file model-v7.cif (mmCIF, C-alpha atoms and all ligand atoms)
data_my_file
loop_
_atom_site.label_atom_id
_atom_site.label_comp_id
_atom_site.auth_asym_id
_atom_site.auth_seq_id
_atom_site.Cartn_x
_atom_site.Cartn_y
_atom_site.Cartn_z
CA MET K 183 30.98 -145.55 278.35
CA VAL K 184 33.15 -142.46 277.84
CA VAL K 185 36.28 -143.24 275.86
CA ARG K 186 39.22 -140.85 276.24
CA PRO K 187 40.78 -139.48 273.07
CA GLY K 188 43.54 -141.83 272.00
CA TRP K 189 41.68 -144.82 273.36
CA ALA K 190 39.08 -147.04 271.78
CA ILE K 191 36.95 -150.05 272.52
CA ASP K 192 37.63 -152.99 270.24
CA ARG K 193 35.00 -155.49 269.10
CA ALA K 194 35.71 -157.71 272.09
CA GLY K 195 34.83 -154.80 274.38
CA ARG K 196 38.43 -154.19 275.48
CA VAL K 197 39.59 -150.61 275.96
CA ARG K 198 42.89 -150.12 274.18
CA GLN K 199 45.33 -147.27 273.74
CA HIS K 200 46.71 -146.71 270.31
CA PRO K 201 50.44 -146.00 270.23
CA GLY K 202 51.29 -142.73 268.51
CA MET K 203 47.73 -141.55 268.86
CA SER K 204 47.59 -138.75 271.35
CA THR K 205 45.66 -135.54 271.18
CA ASP K 206 48.49 -133.55 272.76
CA ARG K 207 50.16 -134.02 269.37
CA PRO K 208 48.11 -131.93 266.97
CA SER K 209 47.91 -132.94 263.35
CA LYS K 210 50.48 -131.48 260.96
CA ILE K 211 47.74 -131.33 258.33
CA LEU K 212 46.50 -127.80 257.62
CA THR K 213 43.33 -126.68 255.93
CA ALA K 214 41.86 -123.31 255.09
CA ILE K 215 38.40 -124.83 254.94
CA ASP K 216 35.93 -123.85 257.68
CA LEU K 217 34.20 -126.98 258.94
CA ASP K 218 31.60 -125.01 260.90
CA ALA K 219 30.30 -122.24 258.61
CA ASP K 220 27.07 -122.53 256.65
CA GLY K 221 27.25 -122.90 252.87
CA LYS K 222 29.31 -125.07 250.52
CA ARG K 223 33.10 -125.01 250.34
CA PHE K 224 35.58 -127.00 248.24
CA GLY K 225 39.06 -127.16 249.69
CA ALA K 226 41.98 -129.35 250.59
CA LEU K 227 43.65 -130.99 253.55
CA VAL K 228 47.29 -130.06 253.06
CA VAL K 229 49.67 -132.82 254.19
CA PRO K 230 53.31 -131.76 254.43
CA HIS K 231 55.45 -134.02 252.25
CA SER K 232 59.07 -132.99 251.90
CA ARG K 233 60.74 -135.15 249.25
CA ASN K 234 63.41 -135.26 246.56
CA ASP K 235 61.33 -133.61 243.83
CA SER K 236 59.64 -131.05 246.12
CA ALA K 237 61.67 -129.96 249.14
CA TRP K 238 58.89 -127.93 250.75
CA GLY K 239 56.11 -129.87 249.08
CA SER K 240 52.74 -131.08 250.24
CA ILE K 241 49.93 -133.39 249.18
CA ARG K 242 46.43 -131.93 248.81
CA ILE K 243 43.54 -134.19 249.85
CA PRO K 244 40.22 -132.88 248.44
CA ILE K 245 37.51 -132.05 250.99
CA VAL K 246 34.06 -130.53 250.56
CA VAL K 247 31.91 -129.22 253.40
CA ILE K 248 28.20 -128.54 252.93
CA ARG K 249 26.44 -127.16 255.99
CA ASN K 250 23.06 -125.66 256.72
CA GLY K 251 22.52 -124.98 260.40
CA ASP K 252 22.41 -127.42 263.28
CA GLY K 253 21.62 -131.05 262.63
CA PRO K 254 23.30 -134.39 262.12
CA CYS K 255 26.73 -134.64 260.51
CA ALA K 256 27.64 -137.27 257.93
CA LEU K 257 31.25 -137.95 256.92
CA LEU K 258 31.30 -139.49 253.43
CA VAL K 259 34.53 -141.14 252.30
CA ALA K 260 35.74 -142.63 249.00
CA GLY K 261 39.20 -143.41 247.67
CA ASN K 262 40.23 -144.95 250.98
CA HIS K 263 41.66 -147.47 248.52
CA GLY K 264 42.72 -145.70 245.33
CA ASP K 265 41.55 -148.27 242.75
CA GLU K 266 37.87 -148.35 243.80
CA TYR K 267 35.73 -146.00 241.73
CA GLU K 268 31.98 -146.04 242.39
CA GLY K 269 32.32 -144.05 245.60
CA GLN K 270 34.75 -141.57 244.07
CA ILE K 271 32.29 -140.88 241.23
CA ALA K 272 29.19 -140.74 243.44
CA LEU K 273 30.76 -138.39 246.00
CA ARG K 274 32.17 -136.02 243.35
CA ASP K 275 28.70 -135.82 241.77
CA LEU K 276 27.02 -135.33 245.14
CA ALA K 277 29.44 -132.61 246.22
CA ARG K 278 28.89 -130.62 243.01
CA ASP K 279 25.11 -131.17 242.92
CA LEU K 280 24.07 -130.63 246.55
CA ASP K 281 22.81 -127.19 247.37
CA PRO K 282 23.25 -126.22 251.03
CA THR K 283 19.54 -125.32 251.24
CA GLN K 284 18.71 -129.00 250.61
CA VAL K 285 20.72 -130.02 253.68
CA THR K 286 19.81 -130.07 257.36
CA GLY K 287 23.07 -130.29 259.30
CA THR K 288 26.45 -131.04 257.75
CA VAL K 289 27.87 -133.24 255.02
CA ILE K 290 31.66 -133.59 254.93
CA VAL K 291 32.86 -135.24 251.72
CA LEU K 292 36.29 -136.79 251.20
CA PRO K 293 36.04 -138.04 247.60
CA GLY K 294 39.66 -139.25 247.37
CA LEU K 295 40.98 -139.95 250.86
CA ASN K 296 44.25 -141.70 250.00
CA PHE K 297 44.95 -139.19 247.25
CA PRO K 298 48.42 -140.47 246.26
CA ALA K 299 46.84 -143.93 245.75
CA VAL K 300 43.89 -142.39 243.88
CA ARG K 301 46.26 -140.60 241.49
CA ALA K 302 48.28 -143.79 240.94
CA ALA K 303 45.16 -146.02 240.60
CA THR K 304 46.52 -148.30 243.31
CA ARG K 305 45.08 -149.77 246.49
CA CYS K 306 47.92 -148.57 248.72
CA SER K 307 49.86 -145.31 248.64
CA PRO K 308 52.85 -145.17 246.27
CA VAL K 309 54.38 -142.61 248.66
CA ASP K 310 54.80 -144.83 251.71
CA GLY K 311 53.14 -148.15 250.80
CA GLY K 312 50.41 -147.31 253.31
CA ASN K 313 47.11 -149.18 253.20
CA MET K 314 44.80 -146.45 254.50
CA ASN K 315 42.25 -148.93 255.80
CA ARG K 316 44.84 -150.66 257.99
CA SER K 317 46.26 -147.37 259.31
CA PHE K 318 43.57 -146.08 261.70
CA PRO K 319 43.73 -144.23 264.01
CA GLY K 320 46.99 -143.16 262.43
CA ARG K 321 49.87 -141.15 263.84
CA ALA K 322 50.18 -137.37 264.17
CA TYR K 323 53.86 -137.46 263.11
CA GLY K 324 53.78 -140.61 261.00
CA THR K 325 53.97 -141.37 257.31
CA VAL K 326 51.69 -139.52 254.87
CA THR K 327 49.08 -142.28 255.08
CA GLN K 328 49.26 -142.36 258.88
CA MET K 329 48.95 -138.56 259.11
CA ILE K 330 45.83 -138.58 256.93
CA ALA K 331 44.29 -141.38 259.02
CA HIS K 332 45.11 -139.49 262.23
CA TYR K 333 43.43 -136.30 260.93
CA VAL K 334 40.29 -138.21 259.97
CA ALA K 335 40.26 -140.09 263.30
CA THR K 336 40.87 -137.10 265.55
CA VAL K 337 39.39 -134.12 263.70
CA LEU K 338 36.62 -135.35 261.38
CA VAL K 339 35.21 -138.53 262.97
CA PRO K 340 34.51 -136.80 266.32
CA ARG K 341 32.19 -134.36 264.46
CA ALA K 342 30.30 -137.11 262.64
CA ASP K 343 27.12 -138.90 263.67
CA LEU K 344 27.57 -141.29 260.76
CA VAL K 345 30.55 -142.32 258.64
CA LEU K 346 29.89 -143.85 255.21
CA ASP K 347 33.05 -145.34 253.68
CA LEU K 348 32.50 -146.39 250.07
CA HIS K 349 34.62 -149.34 248.96
CA SER K 350 34.62 -151.67 245.98
CA GLY K 351 36.77 -154.65 245.11
CA GLY K 352 39.58 -152.74 243.42
CA LYS K 353 41.77 -154.46 240.87
CA THR K 354 41.89 -157.83 242.65
CA LEU K 355 38.33 -158.45 243.91
CA ASP K 356 34.78 -158.30 242.59
CA PHE K 357 31.49 -158.21 244.52
CA VAL K 358 27.73 -158.28 244.22
CA PRO K 359 26.95 -154.64 245.05
CA PHE K 360 26.36 -154.51 248.81
CA ALA K 361 26.30 -152.20 251.80
CA ALA K 362 27.58 -153.63 255.06
CA THR K 363 28.04 -153.37 258.78
CA HIS K 364 29.57 -155.77 261.31
CA ARG K 365 28.60 -157.76 264.38
CA LEU K 366 29.07 -155.26 267.21
CA THR K 367 29.23 -155.73 270.97
CA ASP K 368 26.88 -152.74 271.27
CA LYS K 369 23.66 -154.40 270.06
CA ALA K 370 21.69 -151.13 269.94
CA LEU K 371 24.37 -149.65 267.65
CA GLU K 372 24.38 -152.86 265.59
CA ALA K 373 20.60 -152.57 265.06
CA ARG K 374 20.94 -148.91 264.00
CA ALA K 375 23.77 -149.86 261.62
CA ILE K 376 21.72 -152.68 260.05
CA ALA K 377 18.85 -150.19 259.54
CA ALA K 378 21.25 -147.75 257.84
CA VAL K 379 22.58 -150.58 255.61
CA ALA K 380 19.00 -151.43 254.60
CA ALA K 381 18.36 -147.73 253.89
CA PHE K 382 21.35 -147.62 251.51
CA GLY K 383 19.23 -149.89 249.31
CA ALA K 384 21.94 -151.94 247.55
CA PRO K 385 20.86 -155.30 246.07
CA VAL K 386 22.45 -157.01 249.10
CA GLY K 387 23.06 -155.93 252.71
CA VAL K 388 25.75 -157.79 254.65
CA VAL K 389 26.66 -158.24 258.29
CA MET K 390 30.29 -158.67 257.37
CA LEU K 391 33.00 -160.71 258.97
CA GLU K 392 36.38 -158.97 258.68
CA LEU K 393 39.44 -161.19 258.70
CA ASP K 394 41.75 -158.24 259.43
CA ALA K 395 39.73 -155.61 261.34
CA GLU K 396 42.49 -153.88 263.33
CA GLY K 397 43.44 -150.53 261.80
CA MET K 398 40.27 -150.19 259.73
CA LEU K 399 38.27 -146.95 259.74
CA ASP K 400 35.27 -149.21 260.40
CA THR K 401 36.70 -150.52 263.66
CA TRP K 402 37.77 -147.07 264.85
CA VAL K 403 34.36 -145.47 264.26
CA GLU K 404 32.39 -148.41 265.66
CA GLY K 405 34.68 -148.44 268.72
CA LEU K 406 33.66 -144.84 269.41
CA GLY K 407 30.01 -145.96 269.39
CA LYS K 408 29.23 -144.13 266.15
CA LEU K 409 27.15 -145.28 263.21
CA PHE K 410 29.29 -146.71 260.39
CA VAL K 411 28.27 -148.08 256.98
CA THR K 412 30.66 -149.49 254.41
CA THR K 413 30.11 -150.93 250.93
CA GLU K 414 31.60 -153.26 248.36
CA LEU K 415 30.01 -152.05 245.14
CA ALA K 416 31.69 -154.18 242.43
CA GLY K 417 35.38 -154.29 241.50
CA GLY K 418 37.98 -155.22 238.95
CA GLY K 419 39.54 -151.76 239.10
CA SER K 420 36.69 -150.07 237.23
CA SER K 421 32.96 -149.34 237.62
CA SER K 422 29.76 -150.04 235.67
CA VAL K 423 26.47 -148.30 234.90
CA ARG K 424 24.77 -150.55 237.42
CA SER K 425 27.29 -150.20 240.24
CA ASN K 426 27.51 -146.41 239.82
CA ARG K 427 23.74 -146.17 240.02
CA VAL K 428 23.73 -148.22 243.25
CA ALA K 429 26.37 -145.91 244.73
CA ALA K 430 24.67 -142.63 243.73
CA THR K 431 21.26 -143.73 245.04
CA GLY K 432 22.72 -145.31 248.17
CA VAL K 433 24.62 -142.20 249.26
CA ARG K 434 21.52 -140.02 249.00
CA ASN K 435 19.42 -142.74 250.68
CA VAL K 436 21.70 -142.77 253.71
CA LEU K 437 21.54 -138.95 253.95
CA LYS K 438 17.71 -139.20 253.83
CA HIS K 439 17.79 -141.93 256.47
CA MET K 440 19.82 -139.57 258.71
CA GLY K 441 17.38 -136.68 258.13
CA ILE K 442 20.13 -134.65 256.42
CA LEU K 443 18.27 -134.72 253.09
CA SER K 444 14.47 -134.63 253.05
CA GLY K 445 12.29 -137.43 251.71
CA GLU K 446 12.29 -141.19 252.00
CA PRO K 447 15.10 -143.47 250.70
CA GLU K 448 14.50 -144.59 247.09
CA ILE K 449 14.48 -148.37 247.29
CA ALA K 450 13.48 -150.29 244.15
CA ALA K 451 13.68 -153.64 245.96
CA PRO K 452 14.61 -154.25 249.61
CA SER K 453 18.21 -155.45 250.09
CA ARG K 454 18.63 -159.17 250.58
CA MET K 455 20.11 -159.17 254.08
CA VAL K 456 22.84 -161.74 254.66
CA ASP K 457 25.26 -162.69 257.39
CA MET K 458 28.82 -164.03 257.51
CA PRO K 459 28.75 -166.08 260.71
CA ASP K 460 32.30 -167.51 260.59
CA GLU K 461 35.45 -167.93 258.53
CA ARG K 462 33.89 -170.82 256.57
CA CYS K 463 32.32 -168.02 254.50
CA PHE K 464 35.72 -167.59 252.86
CA VAL K 465 37.58 -169.75 250.35
CA ALA K 466 41.32 -169.04 250.05
CA ALA K 467 43.78 -170.29 247.41
CA GLU K 468 46.52 -172.69 248.45
CA HIS K 469 47.94 -172.97 244.94
CA SER K 470 49.14 -170.51 242.31
CA GLY K 471 48.08 -170.51 238.67
CA ILE K 472 45.20 -169.60 236.38
CA HIS K 473 41.96 -168.79 238.18
CA GLU K 474 38.82 -170.34 236.66
CA PRO K 475 35.57 -169.25 238.33
CA LEU K 476 32.86 -171.93 238.28
CA VAL K 477 29.97 -169.85 239.64
CA GLU K 478 28.85 -166.28 239.01
CA LEU K 479 28.51 -163.54 241.60
CA GLY K 480 24.97 -163.66 242.96
CA ASP K 481 24.61 -167.42 242.38
CA GLU K 482 23.28 -169.67 245.13
CA VAL K 483 25.90 -172.24 246.10
CA ALA K 484 25.70 -175.37 248.25
CA GLU K 485 28.30 -176.47 250.78
CA GLY K 486 30.78 -178.70 248.93
CA GLN K 487 29.90 -177.24 245.52
CA PRO K 488 32.92 -176.38 243.34
CA VAL K 489 33.33 -172.59 243.07
CA ALA K 490 36.71 -172.27 241.32
CA ARG K 491 39.59 -174.20 239.78
CA ILE K 492 43.28 -173.34 239.65
CA HIS K 493 45.26 -174.55 236.64
CA PHE K 494 49.01 -175.09 236.95
CA LEU K 495 50.82 -172.78 234.55
CA ASP K 496 53.95 -174.89 234.11
CA GLU K 497 52.33 -178.33 234.28
CA PRO K 498 49.76 -178.76 231.48
CA ALA K 499 49.53 -182.51 232.17
CA ARG K 500 48.47 -181.92 235.76
CA ASP K 501 44.75 -181.73 236.61
CA PRO K 502 43.61 -178.38 238.03
CA VAL K 503 42.75 -178.14 241.74
CA THR K 504 39.06 -177.64 242.54
CA TYR K 505 37.98 -175.41 245.42
CA VAL K 506 34.55 -175.88 247.01
CA ALA K 507 32.20 -173.68 249.04
CA ARG K 508 32.50 -174.32 252.77
CA ARG K 509 28.97 -173.07 253.43
CA SER K 510 25.69 -172.92 251.52
CA GLY K 511 24.55 -169.43 250.58
CA LEU K 512 24.95 -166.54 248.18
CA LEU K 513 28.24 -166.00 246.35
CA ILE K 514 28.91 -162.32 247.18
CA GLY K 515 32.61 -161.96 246.33
CA ARG K 516 35.34 -163.46 244.19
CA HIS K 517 38.95 -163.10 243.16
CA PHE K 518 39.08 -160.97 240.00
CA PRO K 519 42.34 -161.33 238.03
CA GLY K 520 43.02 -164.25 235.71
CA LEU K 521 46.04 -165.34 237.73
CA VAL K 522 45.92 -166.28 241.38
CA GLN K 523 48.62 -166.83 243.99
CA ALA K 524 48.62 -169.15 246.98
CA GLY K 525 47.22 -167.12 249.89
CA ASP K 526 44.86 -165.05 247.75
CA PHE K 527 41.17 -164.74 248.56
CA LEU K 528 39.15 -166.82 246.06
CA ALA K 529 35.47 -166.52 246.97
CA SER K 530 33.06 -165.56 249.76
CA VAL K 531 29.65 -166.93 250.57
CA ALA K 532 27.05 -165.27 252.83
CA VAL K 533 23.95 -166.83 254.39
CA ASP K 534 20.51 -165.28 254.77
CA LEU K 535 20.18 -163.24 257.95
CA CA K 601 38.51 -151.58 249.63
#

call {"tool": "encode", "arguments": {"input": "model-v7.cif", "output": "structure tokens"}}
result
Amino acid sequence: MVVRPGWAIDRAGRVRQHPGMSTDRPSKILTAIDLDADGKRFGALVVPHSRNDSAWGSIRIPIVVIRNGDGPCALLVAGNHGDEYEGQIALRDLARDLDPTQVTGTVIVLPGLNFPAVRAATRCSPVDGGNMNRSFPGRAYGTVTQMIAHYVATVLVPRADLVLDLHSGGKTLDFVPFAATHRLTDKALEARAIAAVAAFGAPVGVVMLELDAEGMLDTWVEGLGKLFVTTELAGGGSSSVRSNRVAATGVRNVLKHMGILSGEPEIAAPSRMVDMPDERCFVAAEHSGIHEPLVELGDEVAEGQPVARIHFLDEPARDPVTYVARRSGLLIGRHFPGLVQAGDFLASVAVDL
């Protein structure tokens, strides 16, 4: 199916127009970087941002283009959320290390997409509160976050054969390192995406259920029928030796899988492939207090097994509330901070594919 610019197919197969998304409104973002020339170039996407402390100011989003002739194009993204670090480290290393002669085709690297959030070490932008991964496909004349999303959606994604968006848990979540795709209406695309997830070579590969998919880069790219891989590589607002290694290897593995780098993916052990068939994979807090995890990430849990307790801060005489797994499977994600609020995500369980 041909989808007109400004329109997309959602997961239910419906064609939808996105308000504010029209290609007759060109992006206000400028860049001196040539996306089509051979070689390697470091540059910036310059987002106009007139404000109290800089009347004619702008925000510079780092971009690196590495091209060597015709071939597939991969768009590699990190810092979509500012407090997630493995991807930011892996893509900065890759961009410095890759020599254009090693590449067949094009690699476009955005190592810090929501740059104001990256600089502030926050999930969302301190400039406009924007959550980049709920802002796609953005708006040409919107907020800073919306303008960045619109540029990616309308200028960069159309060039890409594959988009790899590297996430981690940030300050509030923690995960077993995994690469992921989603259940897609296009089953051929879904199979290609699962193969790309396996090629990433993380300890776990997930067919993920998103509770809030609208506005995600994932949904936009998948709706255009393009290959999309995401990750959750750890969390807690930092990174580790292990999670950084998974990210660095995984990024190169995906480029090898696409034929952009030569050689076979380096896979120490095949990913354990798991599925999230329904919302019973999630446990959410209905109380506020101190969060006590009862199982470790990567543990096998049984349906009904306690996974966390919440202790009442102001009521030491009151017994804590116990939360149980609603499915049997692998504990792949958990709430990170010591305190939890009613409505927070507590834990997620995935089942073998
Ligand atoms: Ca994230």

call {"tool": "closest_residue", "arguments": {"input": "model-v7.cif", "among": "K:Ser470, K:Thr213, K:Ser510, K:Ser453", "to": "Ile492 of chain K", "atoms": "all atoms listed in the file"}}
result
K:Ser470

call {"tool": "axis_aligned_box", "arguments": {"input": "model-v7.cif", "around": "segment 515-520 of chain K", "padding_each_side": "3 Å", "output": "lines of an AutoDock Vina configuration file"}}
result
center_x = 37.8
center_y = -162.6
center_z = 241.0
size_x = 16.4
size_y = 9.3
size_z = 16.6

call {"tool": "closest_atom_pairs", "arguments": {"input": "model-v7.cif", "of": "chain K", "to": "ligand CA 601 (chain K)", "cutoff": "12 Å", "atoms": "all atoms listed in the file", "output": "Markdown table"}}
result
| residue | atom | partner | partner_atom | distance |
| --- | --- | --- | --- | --- |
| K:Val259 | CA | K:CA601 | CA | 11.5 |
| K:Ala260 | CA | K:CA601 | CA | 9.4 |
| K:Gly261 | CA | K:CA601 | CA | 8.4 |
| K:Asn262 | CA | K:CA601 | CA | 7.0 |
| K:His263 | CA | K:CA601 | CA | 5.3 |
| K:Gly264 | CA | K:CA601 | CA | 8.4 |
| K:Asp265 | CA | K:CA601 | CA | 8.2 |
| K:Glu266 | CA | K:CA601 | CA | 6.7 |
| K:Tyr267 | CA | K:CA601 | CA | 10.1 |
| K:Glu268 | CA | K:CA601 | CA | 11.2 |
| K:Gly269 | CA | K:CA601 | CA | 10.5 |
| K:Leu295 | CA | K:CA601 | CA | 12.0 |
| K:Asn296 | CA | K:CA601 | CA | 11.4 |
| K:Ala299 | CA | K:CA601 | CA | 12.0 |
| K:Thr304 | CA | K:CA601 | CA | 10.7 |
| K:Arg305 | CA | K:CA601 | CA | 7.5 |
| K:Cys306 | CA | K:CA601 | CA | 9.9 |
| K:Asn313 | CA | K:CA601 | CA | 9.6 |
| K:Met314 | CA | K:CA601 | CA | 9.5 |
| K:Asn315 | CA | K:CA601 | CA | 7.7 |
| K:Arg316 | CA | K:CA601 | CA | 10.5 |
| K:Asp347 | CA | K:CA601 | CA | 9.2 |
| K:Leu348 | CA | K:CA601 | CA | 8.0 |
| K:His349 | CA | K:CA601 | CA | 4.5 |
| K:Ser350 | CA | K:CA601 | CA | 5.3 |
| K:Gly351 | CA | K:CA601 | CA | 5.7 |
| K:Gly352 | CA | K:CA601 | CA | 6.4 |
| K:Lys353 | CA | K:CA601 | CA | 9.8 |
| K:Thr354 | CA | K:CA601 | CA | 10.0 |
| K:Leu355 | CA | K:CA601 | CA | 8.9 |
| K:Asp356 | CA | K:CA601 | CA | 10.4 |
| K:Phe357 | CA | K:CA601 | CA | 10.9 |
| K:Glu392 | CA | K:CA601 | CA | 11.9 |
| K:Met398 | CA | K:CA601 | CA | 10.3 |
| K:Leu399 | CA | K:CA601 | CA | 11.1 |
| K:Asp400 | CA | K:CA601 | CA | 11.5 |
| K:Thr412 | CA | K:CA601 | CA | 9.4 |
| K:Thr413 | CA | K:CA601 | CA | 8.5 |
| K:Glu414 | CA | K:CA601 | CA | 7.2 |
| K:Leu415 | CA | K:CA601 | CA | 9.6 |
| K:Ala416 | CA | K:CA601 | CA | 10.3 |
| K:Gly417 | CA | K:CA601 | CA | 9.1 |
| K:Gly418 | CA | K:CA601 | CA | 11.3 |
| K:Gly419 | CA | K:CA601 | CA | 10.6 |

call {"tool": "residues_around", "arguments": {"input": "model-v7.cif", "residues": "Asp216 of chain K", "least_positions_apart": "5", "cutoff": "10 Å", "atoms": "only C-alpha atoms", "output": "list in words"}}
result
Gly221, Lys222, Arg223, Phe224, Gly225, Val246 and Val247 of chain K

call {"tool": "residues_around", "arguments": {"input": "model-v7.cif", "residues": "segment 339-346 of chain K", "least_positions_apart": "4", "cutoff": "7 Å", "atoms": "only C-alpha atoms", "output": "JSON, numbers by chain"}}
result
{"K": [254, 255, 256, 257, 258, 259, 334, 335, 408, 409, 410, 411, 412]}

call {"tool": "write_last_selection", "arguments": {"input": "model-v7.cif", "atoms": "C-alpha atoms", "output": "tab-separated table (two decimals), in the frame of the given file"}}
result
chain	number	residue	atom	x	y	z
K	254	PRO	CA	23.30	-134.39	262.12
K	255	CYS	CA	26.73	-134.64	260.51
K	256	ALA	CA	27.64	-137.27	257.93
K	257	LEU	CA	31.25	-137.95	256.92
K	258	LEU	CA	31.30	-139.49	253.43
K	259	VAL	CA	34.53	-141.14	252.30
K	334	VAL	CA	40.29	-138.21	259.97
K	335	ALA	CA	40.26	-140.09	263.30
K	408	LYS	CA	29.23	-144.13	266.15
K	409	LEU	CA	27.15	-145.28	263.21
K	410	PHE	CA	29.29	-146.71	260.39
K	411	VAL	CA	28.27	-148.08	256.98
K	412	THR	CA	30.66	-149.49	254.41

call {"tool": "atom_distance", "arguments": {"input": "model-v7.cif", "atom1": "atom CA of Glu468 of chain K", "atom2": "atom CA of Arg509 of chain K"}}
result
18.2 Å

call {"tool": "closest_residue", "arguments": {"input": "model-v7.cif", "among": "K:Pro475, K:Gly486, K:Gly312, K:Pro447", "to": "Pro519 of chain K", "atoms": "all atoms listed in the file"}}
result
K:Pro475

call {"tool": "closest_residue", "arguments": {"input": "model-v7.cif", "among": "K:Val531, K:Ala370, K:Val285, K:Ile330", "to": "Arg434 of chain K", "atoms": "only C-alpha atoms"}}
result
K:Val285

call {"tool": "atom_distance", "arguments": {"input": "model-v7.cif", "atom1": "atom CA of Ile376 of chain K", "atom2": "atom CA of Gly432 of chain K"}}
result
14.0 Å

call {"tool": "residues_around", "arguments": {"input": "model-v7.cif", "residues": "Leu366 of chain K", "least_positions_apart": "5", "cutoff": "12 Å", "atoms": "all atoms listed in the file", "output": "MDAnalysis selection string"}}
result
chainID K and resid 191:195 371:376 389:392 400:401 403:410

call {"tool": "atom_distance", "arguments": {"input": "model-v7.cif", "atom1": "atom CA of Leu535 of chain K", "atom2": "atom CA of Asn426 of chain K"}}
result
25.8 Å

call {"tool": "closest_residue", "arguments": {"input": "model-v7.cif", "among": "K:Asp220, K:Glu497, K:Glu482, K:Glu396", "to": "Pro319 of chain K", "atoms": "all atoms listed in the file"}}
result
K:Glu396

call {"tool": "residues_around", "arguments": {"input": "model-v7.cif", "residues": "Leu512 of chain K", "least_positions_apart": "5", "cutoff": "9 Å", "atoms": "all atoms listed in the file", "output": "count of residues only"}}
result
12

call {"tool": "closest_residue", "arguments": {"input": "model-v7.cif", "among": "K:Val388, K:Asp275, K:Asp460, K:Thr504", "to": "Val433 of chain K", "atoms": "all atoms listed in the file"}}
result
K:Asp275

call {"tool": "residues_near_point", "arguments": {"input": "model-v7.cif", "point": "(42.4, -127.7, 252.1)", "cutoff": "6 Å", "atoms": "only C-alpha atoms", "output": "ChimeraX atom specification"}}
result
/K:213-215,225-228

call {"tool": "closest_residue", "arguments": {"input": "model-v7.cif", "among": "K:Arg321, K:Ala277, K:Lys438, K:Ser420", "to": "Ala303 of chain K", "atoms": "all atoms listed in the file"}}
result
K:Ser420

call {"tool": "decode", "arguments": {"input": "model-v7.cif", "residues": "segment 260-270 of chain K", "atoms": "N, CA, C and O atoms", "output": "compact mmCIF listing (two decimals), in the first residue's frame"}}
result
# COMPACT_ATOMS: atom_id res chain seq x y z
N ALA K 260 19.95 7.47 19.45
CA ALA K 260 20.03 7.34 20.92
C ALA K 260 19.67 8.69 21.52
O ALA K 260 19.58 9.69 20.82
N GLY K 261 19.43 8.72 22.82
CA GLY K 261 19.06 9.97 23.47
C GLY K 261 17.68 10.46 23.08
O GLY K 261 17.35 11.63 23.24
N ASN K 262 16.85 9.54 22.58
CA ASN K 262 15.43 9.84 22.36
C ASN K 262 14.85 10.24 23.71
O ASN K 262 14.08 11.19 23.83
N HIS K 263 15.23 9.50 24.74
CA HIS K 263 15.04 9.91 26.14
C HIS K 263 16.43 10.25 26.70
O HIS K 263 17.38 9.49 26.51
N GLY K 264 16.55 11.38 27.38
CA GLY K 264 17.86 11.92 27.70
C GLY K 264 18.62 11.17 28.78
O GLY K 264 19.84 11.31 28.88
N ASP K 265 17.93 10.38 29.60
CA ASP K 265 18.59 9.74 30.75
C ASP K 265 18.86 8.25 30.51
O ASP K 265 18.88 7.45 31.44
N GLU K 266 19.07 7.89 29.23
CA GLU K 266 19.34 6.49 28.86
C GLU K 266 20.67 6.48 28.11
O GLU K 266 20.79 7.14 27.09
N TYR K 267 21.65 5.73 28.60
CA TYR K 267 23.04 6.02 28.22
C TYR K 267 23.75 5.02 27.32
O TYR K 267 24.68 5.39 26.61
N GLU K 268 23.36 3.75 27.35
CA GLU K 268 24.11 2.76 26.56
C GLU K 268 24.16 3.15 25.08
O GLU K 268 25.21 3.09 24.44
N GLY K 269 23.01 3.53 24.54
CA GLY K 269 22.94 3.89 23.13
C GLY K 269 23.76 5.13 22.83
O GLY K 269 24.44 5.21 21.80
N GLN K 270 23.70 6.11 23.73
CA GLN K 270 24.47 7.34 23.51
C GLN K 270 25.97 7.04 23.43
O GLN K 270 26.69 7.59 22.61
